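Shown next: model34.pdb, containing PDB, C-alpha atoms and all ligand atoms.
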ATOM      1  CA  MET A 507       5.607  19.494  17.787  1.00  0.00           C
ATOM      2  CA  ASP A 508       2.546  17.402  18.499  1.00  0.00           C
ATOM      3  CA  PRO A 509       3.390  14.650  21.034  1.00  0.00           C
ATOM      4  CA  ILE A 510       1.527  12.229  18.777  1.00  0.00           C
ATOM      5  CA  TRP A 511       4.613  12.288  16.528  1.00  0.00           C
ATOM      6  CA  GLU A 512       6.568  10.740  19.406  1.00  0.00           C
ATOM      7  CA  VAL A 513       4.071   7.905  19.602  1.00  0.00           C
ATOM      8  CA  LEU A 514       4.202   7.352  15.862  1.00  0.00           C
ATOM      9  CA  ALA A 515       8.001   7.375  15.849  1.00  0.00           C
ATOM     10  CA  GLN A 516       7.780   4.228  18.001  1.00  0.00           C
ATOM     11  CA  VAL A 517       5.600   2.363  15.499  1.00  0.00           C
ATOM     12  CA  PRO A 518       7.784   0.048  13.441  1.00  0.00           C
ATOM     13  CA  ASP A 519       7.097  -0.717   9.827  1.00  0.00           C
ATOM     14  CA  PRO A 520       5.549  -4.217   9.770  1.00  0.00           C
ATOM     15  CA  GLU A 521       7.954  -5.351   7.073  1.00  0.00           C
ATOM     16  CA  ILE A 522      11.142  -3.656   8.177  1.00  0.00           C
ATOM     17  CA  PRO A 523      10.984  -3.257  11.953  1.00  0.00           C
ATOM     18  CA  VAL A 524      14.181  -1.194  12.130  1.00  0.00           C
ATOM     19  CA  VAL A 525      12.420   1.794  10.615  1.00  0.00           C
ATOM     20  CA  SER A 526       9.351   3.532  11.965  1.00  0.00           C
ATOM     21  CA  VAL A 527       6.348   4.672   9.985  1.00  0.00           C
ATOM     22  CA  VAL A 528       7.660   8.214  10.504  1.00  0.00           C
ATOM     23  CA  ASP A 529      11.085   7.286   9.097  1.00  0.00           C
ATOM     24  CA  LEU A 530       9.414   5.931   5.985  1.00  0.00           C
ATOM     25  CA  GLY A 531       7.363   9.060   5.478  1.00  0.00           C
ATOM     26  CA  ILE A 532       4.110   7.147   5.728  1.00  0.00           C
ATOM     27  CA  VAL A 533       2.783   9.663   8.256  1.00  0.00           C
ATOM     28  CA  ARG A 534       1.973  12.776   6.233  1.00  0.00           C
ATOM     29  CA  ALA A 535       0.481  14.968   8.919  1.00  0.00           C
ATOM     30  CA  VAL A 536      -0.748  15.127  12.482  1.00  0.00           C
ATOM     31  CA  GLU A 537      -3.412  17.781  12.725  1.00  0.00           C
ATOM     32  CA  ASN A 538      -6.755  18.553  14.312  1.00  0.00           C
ATOM     33  CA  GLY A 539      -6.961  15.285  16.163  1.00  0.00           C
ATOM     34  CA  ARG A 540      -6.200  13.096  13.223  1.00  0.00           C
ATOM     35  CA  VAL A 541      -3.258  11.313  11.727  1.00  0.00           C
ATOM     36  CA  VAL A 542      -2.960  11.360   7.958  1.00  0.00           C
ATOM     37  CA  ILE A 543      -1.110   8.441   6.411  1.00  0.00           C
ATOM     38  CA  THR A 544      -0.226   7.391   2.898  1.00  0.00           C
ATOM     39  CA  PRO A 545       0.609   3.692   2.579  1.00  0.00           C
ATOM     40  CA  THR A 546       3.827   2.815   0.824  1.00  0.00           C
ATOM     41  CA  TYR A 547       2.198   0.743  -1.870  1.00  0.00           C
ATOM     42  CA  THR A 548      -1.410   0.334  -2.779  1.00  0.00           C
ATOM     43  CA  GLY A 549      -2.249  -3.314  -2.555  1.00  0.00           C
ATOM     44  CA  CYS A 550       0.736  -4.046  -0.395  1.00  0.00           C
ATOM     45  CA  PRO A 551      -0.368  -6.509   2.299  1.00  0.00           C
ATOM     46  CA  ALA A 552       1.550  -4.483   4.867  1.00  0.00           C
ATOM     47  CA  THR A 553      -0.782  -1.533   4.403  1.00  0.00           C
ATOM     48  CA  ILE A 554      -3.482  -2.946   6.641  1.00  0.00           C
ATOM     49  CA  ALA A 555      -0.911  -3.990   9.201  1.00  0.00           C
ATOM     50  CA  ILE A 556       0.538  -0.475   9.241  1.00  0.00           C
ATOM     51  CA  GLU A 557      -2.818   1.096   9.990  1.00  0.00           C
ATOM     52  CA  GLN A 558      -3.497  -1.458  12.731  1.00  0.00           C
ATOM     53  CA  SER A 559      -0.113  -0.850  14.315  1.00  0.00           C
ATOM     54  CA  ILE A 560      -0.696   2.899  14.346  1.00  0.00           C
ATOM     55  CA  ARG A 561      -4.170   2.433  15.808  1.00  0.00           C
ATOM     56  CA  GLU A 562      -2.860   0.215  18.596  1.00  0.00           C
ATOM     57  CA  ALA A 563      -0.032   2.620  19.417  1.00  0.00           C
ATOM     58  CA  LEU A 564      -2.414   5.593  19.554  1.00  0.00           C
ATOM     59  CA  ASP A 565      -4.862   3.702  21.766  1.00  0.00           C
ATOM     60  CA  ALA A 566      -2.086   2.531  24.085  1.00  0.00           C
ATOM     61  CA  ALA A 567      -0.857   6.116  24.459  1.00  0.00           C
ATOM     62  CA  GLY A 568      -4.338   7.379  25.292  1.00  0.00           C
ATOM     63  CA  TYR A 569      -5.197   8.849  21.893  1.00  0.00           C
ATOM     64  CA  ARG A 570      -8.364   6.887  21.348  1.00  0.00           C
ATOM     65  CA  ASN A 571     -10.114   9.877  19.830  1.00  0.00           C
ATOM     66  CA  VAL A 572      -7.468  10.472  17.228  1.00  0.00           C
ATOM     67  CA  ALA A 573      -8.665   9.322  13.832  1.00  0.00           C
ATOM     68  CA  ILE A 574      -6.506   7.800  11.145  1.00  0.00           C
ATOM     69  CA  GLU A 575      -7.145   9.077   7.669  1.00  0.00           C
ATOM     70  CA  THR A 576      -5.608   7.358   4.682  1.00  0.00           C
ATOM     71  CA  ILE A 577      -4.944   9.403   1.586  1.00  0.00           C
ATOM     72  CA  LEU A 578      -3.690   7.859  -1.621  1.00  0.00           C
ATOM     73  CA  SER A 579      -2.962  11.024  -3.541  1.00  0.00           C
ATOM     74  CA  PRO A 580      -0.295  12.125  -3.990  1.00  0.00           C
ATOM     75  CA  PRO A 581       1.075   8.567  -3.904  1.00  0.00           C
ATOM     76  CA  TRP A 582       3.864   7.698  -1.512  1.00  0.00           C
ATOM     77  CA  THR A 583       7.302   7.998  -2.996  1.00  0.00           C
ATOM     78  CA  THR A 584      10.658   6.872  -1.743  1.00  0.00           C
ATOM     79  CA  ASP A 585      11.638  10.564  -1.539  1.00  0.00           C
ATOM     80  CA  TRP A 586       9.600  10.744   1.640  1.00  0.00           C
ATOM     81  CA  ILE A 587      11.922   8.402   3.508  1.00  0.00           C
ATOM     82  CA  SER A 588      13.838  10.523   6.013  1.00  0.00           C
ATOM     83  CA  GLU A 589      17.629  10.696   6.013  1.00  0.00           C
ATOM     84  CA  GLU A 590      17.560   8.823   9.300  1.00  0.00           C
ATOM     85  CA  GLY A 591      15.288   6.224   7.749  1.00  0.00           C
ATOM     86  CA  LYS A 592      17.632   5.780   4.787  1.00  0.00           C
ATOM     87  CA  ALA A 593      20.578   5.319   7.139  1.00  0.00           C
ATOM     88  CA  LYS A 594      18.656   2.706   9.125  1.00  0.00           C
ATOM     89  CA  LEU A 595      17.675   0.858   5.951  1.00  0.00           C
ATOM     90  CA  ALA A 596      21.280   0.818   4.777  1.00  0.00           C
ATOM     91  CA  ALA A 597      22.416  -0.512   8.151  1.00  0.00           C
ATOM     92  CA  TYR A 598      19.788  -3.217   7.854  1.00  0.00           C
ATOM     93  CA  GLY A 599      21.088  -4.222   4.420  1.00  0.00           C
ATOM     94  CA  ILE A 600      18.282  -2.780   2.335  1.00  0.00           C
ATOM     95  CA  ALA A 601      19.310  -0.397  -0.392  1.00  0.00           C
ATOM     96  CA  PRO A 602      17.680   2.990   0.065  1.00  0.00           C
ATOM     97  CA  PRO A 603      15.828   3.549  -3.151  1.00  0.00           C
ATOM     98  CA  ASP A 604      16.822   6.347  -5.434  1.00  0.00           C
ATOM     99  CA  LEU A 605      14.874   6.590  -8.637  1.00  0.00           C
ATOM    100  CA  ALA A 606      17.613   8.513 -10.405  1.00  0.00           C
ATOM    101  CA  LYS A 607      20.365   6.018  -9.766  1.00  0.00           C
ATOM    102  CA  ALA A 608      21.069   2.336  -9.913  1.00  0.00           C
ATOM    103  CA  ALA A 609      20.682   0.561  -6.595  1.00  0.00           C
ATOM    104  CA  THR A 610      23.640   0.985  -4.302  1.00  0.00           C
ATOM    105  CA  CYS A 611      24.946  -2.206  -2.740  1.00  0.00           C
ATOM    106  CA  PRO A 612      24.418  -1.882   1.024  1.00  0.00           C
ATOM    107  CA  ARG A 613      27.472  -4.054   1.609  1.00  0.00           C
ATOM    108  CA  CYS A 614      30.236  -2.480  -0.470  1.00  0.00           C
ATOM    109  CA  GLY A 615      28.625   0.689  -1.783  1.00  0.00           C
ATOM    110  CA  SER A 616      29.015  -0.261  -5.432  1.00  0.00           C
ATOM    111  CA  THR A 617      26.408   0.929  -7.902  1.00  0.00           C
ATOM    112  CA  ASP A 618      27.303  -1.857 -10.319  1.00  0.00           C
ATOM    113  CA  THR A 619      24.145  -3.757  -9.497  1.00  0.00           C
ATOM    114  CA  GLU A 620      21.366  -5.561 -11.285  1.00  0.00           C
ATOM    115  CA  GLU A 621      17.809  -6.529 -10.538  1.00  0.00           C
ATOM    116  CA  VAL A 622      17.521 -10.291 -10.261  1.00  0.00           C
ATOM    117  CA  SER A 623      13.838 -10.610  -9.581  1.00  0.00           C
ATOM    118  CA  ARG A 624      10.846  -8.353  -9.159  1.00  0.00           C
ATOM    119  CA  PHE A 625       9.960 -10.476  -6.171  1.00  0.00           C
ATOM    120  CA  GLY A 626      12.050 -10.009  -3.071  1.00  0.00           C
ATOM    121  CA  SER A 627      11.500 -11.307   0.429  1.00  0.00           C
ATOM    122  CA  THR A 628       8.210  -9.387   0.578  1.00  0.00           C
ATOM    123  CA  PRO A 629       5.855  -8.081  -2.103  1.00  0.00           C
ATOM    124  CA  CYS A 630       7.178  -4.539  -1.673  1.00  0.00           C
ATOM    125  CA  LYS A 631      10.763  -5.377  -2.320  1.00  0.00           C
ATOM    126  CA  ALA A 632      12.700  -6.608  -5.312  1.00  0.00           C
ATOM    127  CA  GLN A 633      15.712  -8.869  -5.240  1.00  0.00           C
ATOM    128  CA  TRP A 634      18.915  -7.266  -6.463  1.00  0.00           C
ATOM    129  CA  ARG A 635      22.484  -8.455  -6.763  1.00  0.00           C
ATOM    130  CA  CYS A 636      25.751  -6.587  -6.559  1.00  0.00           C
ATOM    131  CA  LYS A 637      28.101  -7.330  -9.457  1.00  0.00           C
ATOM    132  CA  SER A 638      31.128  -6.172  -7.449  1.00  0.00           C
ATOM    133  CA  CYS A 639      30.838  -8.292  -4.327  1.00  0.00           C
ATOM    134  CA  LEU A 640      28.118 -10.624  -5.692  1.00  0.00           C
ATOM    135  CA  GLU A 641      25.992 -10.052  -2.618  1.00  0.00           C
ATOM    136  CA  PRO A 642      22.224 -10.267  -3.074  1.00  0.00           C
ATOM    137  CA  PHE A 643      20.120  -7.615  -1.371  1.00  0.00           C
ATOM    138  CA  ASP A 644      16.584  -6.313  -1.197  1.00  0.00           C
ATOM    139  CA  ARG A 645      15.496  -3.038  -2.635  1.00  0.00           C
ATOM    140  CA  PHE A 646      12.213  -1.229  -2.386  1.00  0.00           C
ATOM    141  CA  LYS A 647      10.332  -1.448  -5.619  1.00  0.00           C
ATOM    142  CA  CYS A 648      10.168   1.922  -7.225  1.00  0.00           C
ATOM    143  CA  HIS A 649       7.153   2.928  -9.169  1.00  0.00           C
TER     144      HIS A 649
HETATM  145 ZN    ZN A 701      28.525  -5.103  -3.194  1.00  0.00          ZN
END
Before anything else, please render the file you have as C-alpha cells.
Amino acid sequence: MDPIWEVLAQVPDPEIPVVSVVDLGIVRAVENGRVVITPTYTGCPATIAIEQSIREALDAAGYRNVAIETILSPPWTTDWISEEGKAKLAAYGIAPPDLAKAATCPRCGSTDTEEVSRFGSTPCKAQWRCKSCLEPFDRFKCH
C-alpha cells in the first residue's frame, strides 16, 4: 500500500476530528503521484478546509510533488464511510447515516427517531431526536 495512505489516515475531518478523511471515504485513490478526493458535499464550507488539511499533511510528510485532484463524479455517498469510520462516528455521538433506514440513536440504539431540523451543528449535518430516550443528535445529511 502506498505510504501516502498512512499520511492521509492522520488527516482529521475538519468538522468531525475523530474521523480521518480516509475513514470518511473522501480519499478515492492514491496513484501516480496524485491523491484523488471527492468532497463530502458540494458547497459544504468544510470542503476547502479538507483540501488544505490534506495539502499541509502531504507537504509536512515530504510529498510536496503529490498533486491533489478533486473529482465530483460520482458524488460522495455515505456508503463510502469505512466500518471503522462508522464506529468512530457512533462513539462520537453522530449517527452513521444509512439511506435505507431511519437514523439510529447513537445513545440507545433505537431507530424510533425523527428529524427535528435540516440544520444541525454544521451545514453538513441535520439535527435529529430520539423518541425513545429523547436525546438529540446530529446526523449526516443524506442526499
Ligand atoms: Zn435514544
Within 10 Å of Leu564 (chain A), counting all atoms listed in the file, which residues qualify if same-chain residues fewer than 4 places away don't, as a PDB file with C-alpha atoms, keeping the file's coordinate frame?
ATOM      1  CA  ILE A 510       1.527  12.229  18.777  1.00  0.00           C
ATOM      2  CA  VAL A 513       4.071   7.905  19.602  1.00  0.00           C
ATOM      3  CA  LEU A 514       4.202   7.352  15.862  1.00  0.00           C
ATOM      4  CA  VAL A 517       5.600   2.363  15.499  1.00  0.00           C
ATOM      5  CA  VAL A 541      -3.258  11.313  11.727  1.00  0.00           C
ATOM      6  CA  GLN A 558      -3.497  -1.458  12.731  1.00  0.00           C
ATOM      7  CA  SER A 559      -0.113  -0.850  14.315  1.00  0.00           C
ATOM      8  CA  ILE A 560      -0.696   2.899  14.346  1.00  0.00           C
ATOM      9  CA  GLY A 568      -4.338   7.379  25.292  1.00  0.00           C
ATOM     10  CA  TYR A 569      -5.197   8.849  21.893  1.00  0.00           C
ATOM     11  CA  ARG A 570      -8.364   6.887  21.348  1.00  0.00           C
ATOM     12  CA  ASN A 571     -10.114   9.877  19.830  1.00  0.00           C
ATOM     13  CA  VAL A 572      -7.468  10.472  17.228  1.00  0.00           C
ATOM     14  CA  ALA A 573      -8.665   9.322  13.832  1.00  0.00           C
ATOM     15  CA  ILE A 574      -6.506   7.800  11.145  1.00  0.00           C
TER      16      ILE A 574
END
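Selection around (9.8, 11.0, 11.8) with radius 10 Å, counting only C-alpha atoms, yields the residues Trp511, Glu512, Leu514, Ala515, Gln516, Val525, Ser526, Val527, Val528, Asp529, Leu530, Gly531, Ile532, Val533, Arg534, Ile587, Ser588, Glu589, Glu590 and Gly591 of chain A.
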Save out the residues we just selected, C-alpha atoms, as a CSV table (one decimal), in the coordinates of the input.
chain,number,residue,atom,x,y,z
A,511,TRP,CA,4.6,12.3,16.5
A,512,GLU,CA,6.6,10.7,19.4
A,514,LEU,CA,4.2,7.4,15.9
A,515,ALA,CA,8.0,7.4,15.8
A,516,GLN,CA,7.8,4.2,18.0
A,525,VAL,CA,12.4,1.8,10.6
A,526,SER,CA,9.4,3.5,12.0
A,527,VAL,CA,6.3,4.7,10.0
A,528,VAL,CA,7.7,8.2,10.5
A,529,ASP,CA,11.1,7.3,9.1
A,530,LEU,CA,9.4,5.9,6.0
A,531,GLY,CA,7.4,9.1,5.5
A,532,ILE,CA,4.1,7.1,5.7
A,533,VAL,CA,2.8,9.7,8.3
A,534,ARG,CA,2.0,12.8,6.2
A,587,ILE,CA,11.9,8.4,3.5
A,588,SER,CA,13.8,10.5,6.0
A,589,GLU,CA,17.6,10.7,6.0
A,590,GLU,CA,17.6,8.8,9.3
A,591,GLY,CA,15.3,6.2,7.7
Hits of the PyMOL selection byres (((not hetatm)) within 7 of (chain A and resi 701)) in this structure, as a list in words: Cys611, Pro612, Arg613, Cys614, Gly615, Ser616, Cys636, Lys637, Ser638, Cys639, Leu640 and Glu641 of chain A
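Closest to Lys594 (chain A) among A:Pro518, A:Asp508, A:Thr553, A:Asp618 is A:Pro518, based on all atoms listed in the file.
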query: In Å to one decimal, how far is CA of Ile522 (chain A) from CA of Phe646 (chain A)?
result: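 Distance reported for this atom pair: 10.9 Å.
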